[in-house]
file data-v7.cif (mmCIF, C-alpha atoms)
data_final
#
loop_
_atom_site.label_atom_id
_atom_site.label_comp_id
_atom_site.auth_asym_id
_atom_site.auth_seq_id
_atom_site.Cartn_x
_atom_site.Cartn_y
_atom_site.Cartn_z
CA ASN A 1 121.35 139.61 101.49
CA ALA A 2 120.81 142.12 104.30
CA GLY A 3 122.78 145.01 102.75
CA VAL A 4 123.91 147.42 105.47
CA THR A 5 122.78 146.80 109.04
CA GLN A 6 123.30 148.96 112.12
CA THR A 7 123.22 148.07 115.81
CA PRO A 8 121.56 149.37 117.95
CA LYS A 9 118.55 151.17 116.44
CA PHE A 10 118.03 153.43 119.46
CA ARG A 11 120.12 154.40 122.44
CA VAL A 12 119.94 156.90 125.30
CA LEU A 13 123.20 157.85 127.00
CA LYS A 14 124.06 160.09 129.90
CA THR A 15 126.72 162.74 129.39
CA GLY A 16 130.16 161.20 129.78
CA GLN A 17 129.14 157.64 129.01
CA SER A 18 130.72 155.73 126.15
CA MET A 19 129.27 153.47 123.50
CA THR A 20 130.06 151.80 120.19
CA LEU A 21 127.83 151.72 117.14
CA LEU A 22 128.27 148.72 114.90
CA CYS A 23 127.84 148.73 111.13
CA ALA A 24 127.97 145.58 109.03
CA GLN A 25 127.69 145.12 105.27
CA ASP A 26 127.47 141.93 103.25
CA MET A 27 128.14 143.38 99.79
CA ASN A 28 131.93 143.01 99.97
CA HIS A 29 132.30 146.77 99.60
CA GLU A 30 135.70 148.36 100.07
CA TYR A 31 134.50 151.75 101.28
CA MET A 32 132.50 152.42 104.42
CA TYR A 33 131.30 155.69 105.96
CA TRP A 34 129.71 157.11 109.10
CA TYR A 35 127.40 160.12 108.81
CA ARG A 36 125.30 162.07 111.24
CA GLN A 37 122.05 163.75 110.32
CA ASP A 38 120.81 166.78 112.23
CA PRO A 39 117.79 168.97 111.48
CA GLY A 40 118.62 171.56 108.82
CA MET A 41 122.14 170.19 108.39
CA GLY A 42 121.74 167.32 105.97
CA LEU A 43 124.15 164.40 106.19
CA ARG A 44 127.64 165.18 107.43
CA LEU A 45 130.54 162.77 107.11
CA ILE A 46 132.18 161.83 110.43
CA HIS A 47 134.82 159.25 109.42
CA TYR A 48 135.30 156.90 106.53
CA SER A 49 137.39 153.92 105.50
CA VAL A 50 138.71 152.91 102.09
CA GLY A 51 139.68 149.42 103.18
CA GLU A 52 140.27 147.01 106.02
CA GLY A 53 142.63 148.50 108.59
CA THR A 54 142.34 152.06 107.23
CA THR A 55 140.33 155.02 108.49
CA ALA A 56 140.23 158.73 107.72
CA LYS A 57 138.59 161.83 109.12
CA GLY A 58 135.57 163.36 107.48
CA GLU A 59 133.88 166.68 107.97
CA VAL A 60 132.97 166.43 111.69
CA PRO A 61 135.32 163.87 113.34
CA ASP A 62 135.79 165.45 116.79
CA GLY A 63 134.54 163.33 119.68
CA TYR A 64 134.40 160.13 117.61
CA ASN A 65 136.75 157.27 116.87
CA VAL A 66 136.40 154.46 114.36
CA SER A 67 137.90 151.10 113.57
CA ARG A 68 137.76 148.77 110.56
CA LEU A 69 139.33 145.54 111.70
CA LYS A 70 137.30 143.45 109.27
CA LYS A 71 136.23 144.44 105.77
CA GLN A 72 132.56 143.94 106.52
CA ASN A 73 132.44 145.88 109.79
CA PHE A 74 132.91 149.55 110.63
CA LEU A 75 132.65 150.63 114.27
CA LEU A 76 131.94 154.15 115.51
CA GLY A 77 132.91 154.93 119.10
CA LEU A 78 131.95 157.75 121.41
CA GLU A 79 134.39 157.81 124.32
CA SER A 80 132.65 160.50 126.38
CA ALA A 81 129.22 161.37 125.04
CA ALA A 82 128.04 164.98 124.96
CA PRO A 83 124.54 166.39 124.35
CA SER A 84 125.85 167.85 121.06
CA GLN A 85 126.21 164.27 119.82
CA THR A 86 122.47 163.72 119.98
CA SER A 87 121.72 162.83 116.37
CA VAL A 88 120.74 160.13 113.94
CA TYR A 89 123.77 158.18 112.77
CA PHE A 90 123.91 156.48 109.39
CA CYS A 91 126.45 154.01 108.13
CA ALA A 92 126.99 153.55 104.40
CA SER A 93 129.14 151.47 102.09
CA SER A 94 130.16 151.60 98.46
CA SER A 95 132.19 149.69 95.94
CA ALA A 96 135.57 151.03 94.91
CA TRP A 97 134.99 149.59 91.44
CA ASP A 98 131.46 150.70 90.57
CA SER A 99 131.95 153.82 88.51
CA SER A 100 128.48 153.75 86.98
CA THR A 101 126.69 155.64 89.72
CA TYR A 102 129.08 155.96 92.69
CA GLU A 103 126.11 154.97 94.79
CA GLN A 104 126.48 154.61 98.54
CA TYR A 105 124.21 152.11 100.28
CA PHE A 106 122.86 153.24 103.63
CA GLY A 107 121.84 151.43 106.78
CA PRO A 108 118.56 152.20 108.61
CA GLY A 109 120.19 154.52 111.13
CA THR A 110 120.77 154.69 114.88
CA ARG A 111 118.94 157.35 116.88
CA LEU A 112 121.16 158.46 119.75
CA THR A 113 120.06 160.78 122.54
CA VAL A 114 122.57 162.12 125.06
CA THR A 115 121.05 163.65 128.19
CA ASP B 1 130.86 176.50 103.95
CA GLN B 2 127.93 174.66 102.41
CA GLN B 3 129.16 173.42 99.03
CA VAL B 4 125.85 171.80 98.13
CA LYS B 5 122.70 173.77 98.83
CA GLN B 6 119.03 172.93 98.69
CA ASN B 7 117.35 176.23 99.36
CA SER B 8 113.80 174.92 99.63
CA PRO B 9 113.27 173.01 102.88
CA SER B 10 109.84 171.87 101.77
CA LEU B 11 107.64 171.55 98.70
CA SER B 12 104.00 170.53 98.26
CA VAL B 13 102.67 169.29 94.92
CA GLN B 14 99.33 167.94 93.79
CA GLU B 15 99.24 164.29 92.82
CA GLY B 16 99.71 163.87 89.08
CA ARG B 17 101.54 167.18 88.64
CA ILE B 18 105.28 167.71 88.18
CA SER B 19 107.57 168.03 91.20
CA ILE B 20 110.77 170.00 90.68
CA LEU B 21 113.47 169.87 93.33
CA ASN B 22 116.47 172.14 93.02
CA CYS B 23 120.09 171.97 94.12
CA ASP B 24 123.00 174.39 93.75
CA TYR B 25 126.69 173.72 94.24
CA THR B 26 129.80 175.84 94.48
CA ASN B 27 132.67 173.44 93.80
CA SER B 28 133.41 173.09 90.09
CA MET B 29 135.53 169.98 90.82
CA PHE B 30 132.48 167.83 91.57
CA ASP B 31 132.29 165.17 88.86
CA TYR B 32 129.10 163.28 89.70
CA PHE B 33 125.78 164.20 91.22
CA LEU B 34 123.27 161.94 92.92
CA TRP B 35 119.77 162.21 94.33
CA TYR B 36 118.72 160.22 97.36
CA LYS B 37 115.25 159.69 98.77
CA LYS B 38 114.62 159.19 102.47
CA TYR B 39 111.51 157.99 104.25
CA PRO B 40 111.10 158.54 108.02
CA ALA B 41 113.00 156.05 110.20
CA GLU B 42 114.83 154.63 107.18
CA GLY B 43 118.20 155.23 105.59
CA PRO B 44 118.52 157.21 102.36
CA THR B 45 118.13 155.21 99.17
CA PHE B 46 119.68 156.04 95.83
CA LEU B 47 117.33 157.44 93.22
CA ILE B 48 119.20 158.71 90.18
CA SER B 49 122.57 160.19 89.26
CA ILE B 50 124.24 162.21 86.53
CA SER B 51 127.81 162.61 85.39
CA SER B 52 129.20 166.13 85.05
CA ILE B 53 129.78 165.48 81.34
CA LYS B 54 126.05 165.10 80.72
CA ASP B 55 123.17 167.54 81.03
CA LYS B 56 120.27 165.12 81.43
CA ASN B 57 119.59 161.65 82.73
CA GLU B 58 116.20 159.99 82.75
CA ASP B 59 114.89 156.95 84.60
CA GLY B 60 111.17 156.35 84.36
CA ARG B 61 109.32 159.17 86.09
CA PHE B 62 112.55 160.73 87.30
CA THR B 63 114.77 163.08 85.29
CA VAL B 64 117.80 164.95 86.53
CA PHE B 65 119.02 168.05 84.69
CA LEU B 66 122.49 169.53 85.14
CA ASN B 67 123.44 173.09 84.22
CA LYS B 68 127.20 173.28 84.77
CA SER B 69 127.55 176.94 83.89
CA ALA B 70 125.00 177.83 86.57
CA LYS B 71 126.24 175.09 88.96
CA HIS B 72 122.65 173.97 89.31
CA LEU B 73 120.85 170.68 89.07
CA SER B 74 117.21 169.76 89.37
CA LEU B 75 115.17 166.61 89.83
CA HIS B 76 111.86 166.35 87.98
CA ILE B 77 109.25 163.81 89.01
CA VAL B 78 106.41 163.33 86.54
CA PRO B 79 103.71 162.44 87.39
CA SER B 80 104.02 162.84 91.14
CA GLN B 81 102.55 160.06 93.25
CA PRO B 82 101.71 159.86 96.98
CA GLY B 83 104.57 157.39 97.50
CA ASP B 84 106.98 160.12 96.38
CA SER B 85 106.38 161.98 99.64
CA ALA B 86 109.79 161.87 101.32
CA VAL B 87 112.89 163.94 101.98
CA TYR B 88 115.14 164.28 98.93
CA PHE B 89 118.86 164.87 99.29
CA CYS B 90 121.12 166.12 96.56
CA ALA B 91 124.74 164.87 96.78
CA ALA B 92 127.91 165.66 94.86
CA ARG B 93 131.02 163.53 94.45
CA GLY B 94 134.42 165.12 94.73
CA VAL B 95 137.70 163.40 93.98
CA LEU B 96 140.76 164.76 95.67
CA ARG B 97 142.84 161.67 95.05
CA VAL B 98 142.28 157.95 94.55
CA GLY B 99 140.69 156.49 97.62
CA ASN B 100 139.36 159.86 98.72
CA GLU B 101 136.10 159.93 96.83
CA LYS B 102 133.46 161.45 99.06
CA LEU B 103 129.89 162.62 98.75
CA THR B 104 128.85 166.04 99.99
CA PHE B 105 125.15 166.21 100.80
CA GLY B 106 122.69 169.06 100.70
CA THR B 107 120.33 169.76 103.59
CA GLY B 108 117.35 168.08 101.95
CA THR B 109 113.90 169.08 100.66
CA ARG B 110 110.78 167.54 102.15
CA LEU B 111 108.36 166.75 99.32
CA THR B 112 104.70 166.25 100.14
CA ILE B 113 102.35 164.97 97.45
CA ILE B 114 98.78 166.06 98.03
CA PRO B 115 96.18 163.48 96.92
#

call {"tool": "encode", "arguments": {"input": "data-v7.cif", "output": "structure tokens"}}
result
Amino acid sequence: NAGVTQTPKFRVLKTGQSMTLLCAQDMNHEYMYWYRQDPGMGLRLIHYSVGEGTTAKGEVPDGYNVSRLKKQNFLLGLESAAPSQTSVYFCASSSAWDSSTYEQYFGPGTRLTVT
Amino acid sequence: DQQVKQNSPSLSVQEGRISILNCDYTNSMFDYFLWYKKYPAEGPTFLISISSIKDKNEDGRFTVFLNKSAKHLSLHIVPSQPGDSAVYFCAARGVLRVGNEKLTFGTGTRLTIIP
């Protein structure tokens, strides 16, 4: 049981390049999320999904796209990377049915640098 | 507009003493509050939570207090141990409609336990 995994762990991009971050969870969770963490800003929600084939915008969606073709996977895409997207990206998942804590389970993060 | 605020970026506490981390919120529609702990190079992990209908929840060394009238919650760690050194995030759950449950995170407090 790996929980939430993220690929890759580190990446350096040049401005204008594109890339896709992959998130996978093996807990059969309905909900999945992408956050970015910047110094002094906490965790900010980029996009989220409440089920396979559905996505929705979060707090800071500009410059990112997402897809949830399979329940266990949630992809975050950067079509044309900008230095402002230098950040640590976290994926998370949660159960739609667990109302005891509403806990979200986080992956280990991807550190992205755009030069 | 920061709806969840952690006004202390850092806190140092002697080992064995009590650590108190504070969090303020502005949205009275939040119905659940969570604390997450984050070590460097790892994703946040869930620590403890509290429903808005309660004023206290305890789990071992960790206790969360909620003061709804003041829109304030605090996390108490007693006794503090060196392994508690980490960044602590406060998070609040807001429900706009079914399928739109989201967590709003504070900016985090770095706790350092001094041996």

call {"tool": "interface_residues", "arguments": {"input": "data-v7.cif", "of": "chain B", "to": "chain A", "cutoff": "12 Å", "atoms": "only C-alpha atoms", "output": "number ranges by chain"}}
result
B: 1-10, 31-52, 57, 87-95, 97-110

call {"tool": "resolve_selection", "arguments": {"input": "data-v7.cif", "expression": "the PyMOL selection byres ((chain B and resi 112) around 12)", "output": "number ranges by chain"}}
result
B: 9-15, 17, 19-21, 39, 80-88, 109-111, 113-115

call {"tool": "atom_distance", "arguments": {"input": "data-v7.cif", "atom1": "CA of Leu69 (chain A)", "atom2": "CA of Ala24 (chain A)"}}
result
11.7 Å

call {"tool": "atom_distance", "arguments": {"input": "data-v7.cif", "atom1": "CA of Thr7 (chain A)", "atom2": "CA of Met19 (chain A)"}}
result
11.2 Å

call {"tool": "atom_distance", "arguments": {"input": "data-v7.cif", "atom1": "CA of Thr15 (chain A)", "atom2": "CA of Leu112 (chain A)"}}
result
11.9 Å

call {"tool": "closest_residue", "arguments": {"input": "data-v7.cif", "among": "A:Val66, A:Ile46, A:Met27, A:Leu13", "to": "Ala81 (chain A)", "atoms": "all atoms listed in the file"}}
result
A:Leu13

call {"tool": "residues_near_point", "arguments": {"input": "data-v7.cif", "point": "(118.7, 167.4, 84.2)", "cutoff": "9 Å", "atoms": "all atoms listed in the file", "output": "PyMOL selection string"}}
result
chain B and resi 50+54-58+63-67+73-76

call {"tool": "write_last_selection", "arguments": {"input": "data-v7.cif", "atoms": "C-alpha atoms", "output": "mmCIF file, keeping the file's coordinate frame"}}
result
data_model
loop_
_atom_site.group_PDB
_atom_site.id
_atom_site.type_symbol
_atom_site.label_atom_id
_atom_site.label_comp_id
_atom_site.auth_asym_id
_atom_site.auth_seq_id
_atom_site.Cartn_x
_atom_site.Cartn_y
_atom_site.Cartn_z
ATOM 1 C CA ILE B 50 124.240 162.210 86.530
ATOM 2 C CA LYS B 54 126.050 165.100 80.720
ATOM 3 C CA ASP B 55 123.170 167.540 81.030
ATOM 4 C CA LYS B 56 120.270 165.120 81.430
ATOM 5 C CA ASN B 57 119.590 161.650 82.730
ATOM 6 C CA GLU B 58 116.200 159.990 82.750
ATOM 7 C CA THR B 63 114.770 163.080 85.290
ATOM 8 C CA VAL B 64 117.800 164.950 86.530
ATOM 9 C CA PHE B 65 119.020 168.050 84.690
ATOM 10 C CA LEU B 66 122.490 169.530 85.140
ATOM 11 C CA ASN B 67 123.440 173.090 84.220
ATOM 12 C CA LEU B 73 120.850 170.680 89.070
ATOM 13 C CA SER B 74 117.210 169.760 89.370
ATOM 14 C CA LEU B 75 115.170 166.610 89.830
ATOM 15 C CA HIS B 76 111.860 166.350 87.980
#

call {"tool": "closest_residue", "arguments": {"input": "data-v7.cif", "among": "A:Lys14, A:Trp34, A:Pro8, A:Ser94", "to": "Lys57 (chain A)", "atoms": "all atoms listed in the file"}}
result
A:Trp34

call {"tool": "resolve_selection", "arguments": {"input": "data-v7.cif", "expression": "the PyMOL selection byres ((chain A and resi 63) around 12)", "output": "NGL selection string"}}
result
:A and (16 or 18-19 or 46-47 or 57 or 60-62 or 64-66 or 76-85)

call {"tool": "write_last_selection", "arguments": {"input": "data-v7.cif", "atoms": "C-alpha atoms", "output": "short mmCIF file (atom, residue, chain, number, x, y, z; two decimals), in the coordinates of the input"}}
result
data_model
loop_
_atom_site.label_atom_id
_atom_site.label_comp_id
_atom_site.auth_asym_id
_atom_site.auth_seq_id
_atom_site.Cartn_x
_atom_site.Cartn_y
_atom_site.Cartn_z
CA GLY A 16 130.16 161.20 129.78
CA SER A 18 130.72 155.73 126.15
CA MET A 19 129.27 153.47 123.50
CA ILE A 46 132.18 161.83 110.43
CA HIS A 47 134.82 159.25 109.42
CA LYS A 57 138.59 161.83 109.12
CA VAL A 60 132.97 166.43 111.69
CA PRO A 61 135.32 163.87 113.34
CA ASP A 62 135.79 165.45 116.79
CA TYR A 64 134.40 160.13 117.61
CA ASN A 65 136.75 157.27 116.87
CA VAL A 66 136.40 154.46 114.36
CA LEU A 76 131.94 154.15 115.51
CA GLY A 77 132.91 154.93 119.10
CA LEU A 78 131.95 157.75 121.41
CA GLU A 79 134.39 157.81 124.32
CA SER A 80 132.65 160.50 126.38
CA ALA A 81 129.22 161.37 125.04
CA ALA A 82 128.04 164.98 124.96
CA PRO A 83 124.54 166.39 124.35
CA SER A 84 125.85 167.85 121.06
CA GLN A 85 126.21 164.27 119.82
#

call {"tool": "residues_near_point", "arguments": {"input": "data-v7.cif", "point": "(102.9, 164.4, 85.1)", "cutoff": "6 Å", "atoms": "all atoms listed in the file", "output": "ChimeraX atom specification"}}
result
/B:16-18,78-79

call {"tool": "axis_aligned_box", "arguments": {"input": "data-v7.cif", "around": "region 49-52 of chain A", "padding_each_side": "8 Å", "output": "JSON"}}
result
{"center_x": 138.8, "center_y": 150.5, "center_z": 104.1, "size_x": 18.9, "size_y": 22.9, "size_z": 19.9}

call {"tool": "resolve_selection", "arguments": {"input": "data-v7.cif", "expression": "the PyMOL selection byres ((chain A and resi 6) around 6)", "output": "PDB file with C-alpha atoms, keeping the file's coordinate frame"}}
result
ATOM      1  CA  THR A   5     122.780 146.800 109.040  1.00  0.00           C
ATOM      2  CA  THR A   7     123.220 148.070 115.810  1.00  0.00           C
ATOM      3  CA  LEU A  22     128.270 148.720 114.900  1.00  0.00           C
ATOM      4  CA  CYS A  23     127.840 148.730 111.130  1.00  0.00           C
TER       5      CYS A  23
END

call {"tool": "decode", "arguments": {"input": "data-v7.cif", "residues": "region 79-93 of chain A", "atoms": "all heavy atoms", "output": "PDB file, in the first residue's frame"}}
result
ATOM      1  N   GLU A  79       1.739  23.863 -19.680  1.00  0.00           N
ATOM      2  CA  GLU A  79       1.915  23.929 -21.133  1.00  0.00           C
ATOM      3  C   GLU A  79       3.102  24.800 -21.532  1.00  0.00           C
ATOM      4  O   GLU A  79       3.815  24.493 -22.479  1.00  0.00           O
ATOM      5  CB  GLU A  79       0.641  24.467 -21.776  1.00  0.00           C
ATOM      6  CG  GLU A  79      -0.515  23.478 -21.728  1.00  0.00           C
ATOM      7  CD  GLU A  79      -1.729  23.975 -22.495  1.00  0.00           C
ATOM      8  OE1 GLU A  79      -1.755  25.159 -22.876  1.00  0.00           O
ATOM      9  OE2 GLU A  79      -2.656  23.175 -22.693  1.00  0.00           O
ATOM     10  N   SER A  80       3.313  25.894 -20.813  1.00  0.00           N
ATOM     11  CA  SER A  80       4.408  26.809 -21.114  1.00  0.00           C
ATOM     12  C   SER A  80       4.920  27.365 -19.794  1.00  0.00           C
ATOM     13  O   SER A  80       4.395  28.349 -19.277  1.00  0.00           O
ATOM     14  CB  SER A  80       3.921  27.938 -22.028  1.00  0.00           C
ATOM     15  OG  SER A  80       4.983  28.831 -22.322  1.00  0.00           O
ATOM     16  N   ALA A  81       5.932  26.686 -19.243  1.00  0.00           N
ATOM     17  CA  ALA A  81       6.378  27.008 -17.887  1.00  0.00           C
ATOM     18  C   ALA A  81       6.926  28.426 -17.775  1.00  0.00           C
ATOM     19  O   ALA A  81       7.587  28.936 -18.698  1.00  0.00           O
ATOM     20  CB  ALA A  81       7.432  25.997 -17.444  1.00  0.00           C
ATOM     21  N   ALA A  82       6.652  29.034 -16.610  1.00  0.00           N
ATOM     22  CA  ALA A  82       7.135  30.377 -16.304  1.00  0.00           C
ATOM     23  C   ALA A  82       7.872  30.340 -14.970  1.00  0.00           C
ATOM     24  O   ALA A  82       7.568  29.487 -14.117  1.00  0.00           O
ATOM     25  CB  ALA A  82       5.965  31.352 -16.225  1.00  0.00           C
ATOM     26  N   PRO A  83       8.831  31.248 -14.762  1.00  0.00           N
ATOM     27  CA  PRO A  83       9.559  31.258 -13.475  1.00  0.00           C
ATOM     28  C   PRO A  83       8.634  31.352 -12.266  1.00  0.00           C
ATOM     29  O   PRO A  83       8.961  30.824 -11.195  1.00  0.00           O
ATOM     30  CB  PRO A  83      10.459  32.490 -13.604  1.00  0.00           C
ATOM     31  CG  PRO A  83      10.719  32.606 -15.066  1.00  0.00           C
ATOM     32  CD  PRO A  83       9.429  32.207 -15.727  1.00  0.00           C
ATOM     33  N   SER A  84       7.465  31.992 -12.432  1.00  0.00           N
ATOM     34  CA  SER A  84       6.518  32.102 -11.317  1.00  0.00           C
ATOM     35  C   SER A  84       5.935  30.751 -10.904  1.00  0.00           C
ATOM     36  O   SER A  84       5.297  30.645  -9.844  1.00  0.00           O
ATOM     37  CB  SER A  84       5.369  33.051 -11.689  1.00  0.00           C
ATOM     38  OG  SER A  84       4.659  32.544 -12.807  1.00  0.00           O
ATOM     39  N   GLN A  85       6.149  29.732 -11.719  1.00  0.00           N
ATOM     40  CA  GLN A  85       5.657  28.396 -11.391  1.00  0.00           C
ATOM     41  C   GLN A  85       6.707  27.562 -10.659  1.00  0.00           C
ATOM     42  O   GLN A  85       6.467  26.382 -10.370  1.00  0.00           O
ATOM     43  CB  GLN A  85       5.167  27.674 -12.655  1.00  0.00           C
ATOM     44  CG  GLN A  85       3.942  28.347 -13.253  1.00  0.00           C
ATOM     45  CD  GLN A  85       3.476  27.706 -14.540  1.00  0.00           C
ATOM     46  OE1 GLN A  85       4.245  27.576 -15.505  1.00  0.00           O
ATOM     47  NE2 GLN A  85       2.210  27.316 -14.579  1.00  0.00           N
ATOM     48  N   THR A  86       7.833  28.163 -10.355  1.00  0.00           N
ATOM     49  CA  THR A  86       8.807  27.515  -9.489  1.00  0.00           C
ATOM     50  C   THR A  86       8.180  27.334  -8.119  1.00  0.00           C
ATOM     51  O   THR A  86       7.740  28.302  -7.493  1.00  0.00           O
ATOM     52  CB  THR A  86      10.079  28.375  -9.374  1.00  0.00           C
ATOM     53  OG1 THR A  86      10.725  28.412 -10.645  1.00  0.00           O
ATOM     54  CG2 THR A  86      11.027  27.803  -8.328  1.00  0.00           C
ATOM     55  N   SER A  87       8.086  26.084  -7.666  1.00  0.00           N
ATOM     56  CA  SER A  87       7.359  25.795  -6.438  1.00  0.00           C
ATOM     57  C   SER A  87       7.540  24.330  -6.084  1.00  0.00           C
ATOM     58  O   SER A  87       8.167  23.567  -6.819  1.00  0.00           O
ATOM     59  CB  SER A  87       5.864  26.108  -6.637  1.00  0.00           C
ATOM     60  OG  SER A  87       5.153  26.017  -5.416  1.00  0.00           O
ATOM     61  N   VAL A  88       6.977  23.962  -4.954  1.00  0.00           N
ATOM     62  CA  VAL A  88       6.852  22.545  -4.602  1.00  0.00           C
ATOM     63  C   VAL A  88       5.383  22.171  -4.786  1.00  0.00           C
ATOM     64  O   VAL A  88       4.500  22.836  -4.241  1.00  0.00           O
ATOM     65  CB  VAL A  88       7.302  22.258  -3.159  1.00  0.00           C
ATOM     66  CG1 VAL A  88       7.159  20.765  -2.854  1.00  0.00           C
ATOM     67  CG2 VAL A  88       8.746  22.713  -2.946  1.00  0.00           C
ATOM     68  N   TYR A  89       5.154  21.129  -5.550  1.00  0.00           N
ATOM     69  CA  TYR A  89       3.793  20.715  -5.883  1.00  0.00           C
ATOM     70  C   TYR A  89       3.433  19.448  -5.106  1.00  0.00           C
ATOM     71  O   TYR A  89       4.187  18.472  -5.097  1.00  0.00           O
ATOM     72  CB  TYR A  89       3.665  20.461  -7.385  1.00  0.00           C
ATOM     73  CG  TYR A  89       3.781  21.738  -8.180  1.00  0.00           C
ATOM     74  CD1 TYR A  89       5.027  22.238  -8.562  1.00  0.00           C
ATOM     75  CD2 TYR A  89       2.642  22.466  -8.534  1.00  0.00           C
ATOM     76  CE1 TYR A  89       5.131  23.431  -9.261  1.00  0.00           C
ATOM     77  CE2 TYR A  89       2.741  23.652  -9.237  1.00  0.00           C
ATOM     78  CZ  TYR A  89       3.995  24.131  -9.593  1.00  0.00           C
ATOM     79  OH  TYR A  89       4.104  25.312 -10.286  1.00  0.00           O
ATOM     80  N   PHE A  90       2.285  19.493  -4.462  1.00  0.00           N
ATOM     81  CA  PHE A  90       1.790  18.346  -3.715  1.00  0.00           C
ATOM     82  C   PHE A  90       0.468  17.876  -4.284  1.00  0.00           C
ATOM     83  O   PHE A  90      -0.421  18.682  -4.577  1.00  0.00           O
ATOM     84  CB  PHE A  90       1.585  18.700  -2.239  1.00  0.00           C
ATOM     85  CG  PHE A  90       2.850  18.920  -1.485  1.00  0.00           C
ATOM     86  CD1 PHE A  90       3.309  20.199  -1.220  1.00  0.00           C
ATOM     87  CD2 PHE A  90       3.597  17.840  -1.038  1.00  0.00           C
ATOM     88  CE1 PHE A  90       4.483  20.407  -0.524  1.00  0.00           C
ATOM     89  CE2 PHE A  90       4.779  18.033  -0.345  1.00  0.00           C
ATOM     90  CZ  PHE A  90       5.221  19.319  -0.096  1.00  0.00           C
ATOM     91  N   CYS A  91       0.364  16.577  -4.405  1.00  0.00           N
ATOM     92  CA  CYS A  91      -0.899  15.942  -4.759  1.00  0.00           C
ATOM     93  C   CYS A  91      -1.501  15.359  -3.483  1.00  0.00           C
ATOM     94  O   CYS A  91      -0.772  14.951  -2.562  1.00  0.00           O
ATOM     95  CB  CYS A  91      -0.638  14.833  -5.777  1.00  0.00           C
ATOM     96  SG  CYS A  91      -2.099  13.877  -6.223  1.00  0.00           S
ATOM     97  N   ALA A  92      -2.809  15.325  -3.418  1.00  0.00           N
ATOM     98  CA  ALA A  92      -3.490  14.743  -2.255  1.00  0.00           C
ATOM     99  C   ALA A  92      -4.743  14.024  -2.715  1.00  0.00           C
ATOM    100  O   ALA A  92      -5.262  14.286  -3.812  1.00  0.00           O
ATOM    101  CB  ALA A  92      -3.840  15.813  -1.228  1.00  0.00           C
ATOM    102  N   SER A  93      -5.229  13.127  -1.874  1.00  0.00           N
ATOM    103  CA  SER A  93      -6.488  12.444  -2.174  1.00  0.00           C
ATOM    104  C   SER A  93      -7.288  12.289  -0.894  1.00  0.00           C
ATOM    105  O   SER A  93      -6.736  12.347   0.216  1.00  0.00           O
ATOM    106  CB  SER A  93      -6.236  11.077  -2.821  1.00  0.00           C
ATOM    107  OG  SER A  93      -5.699  10.163  -1.881  1.00  0.00           O
TER     108      SER A  93
END
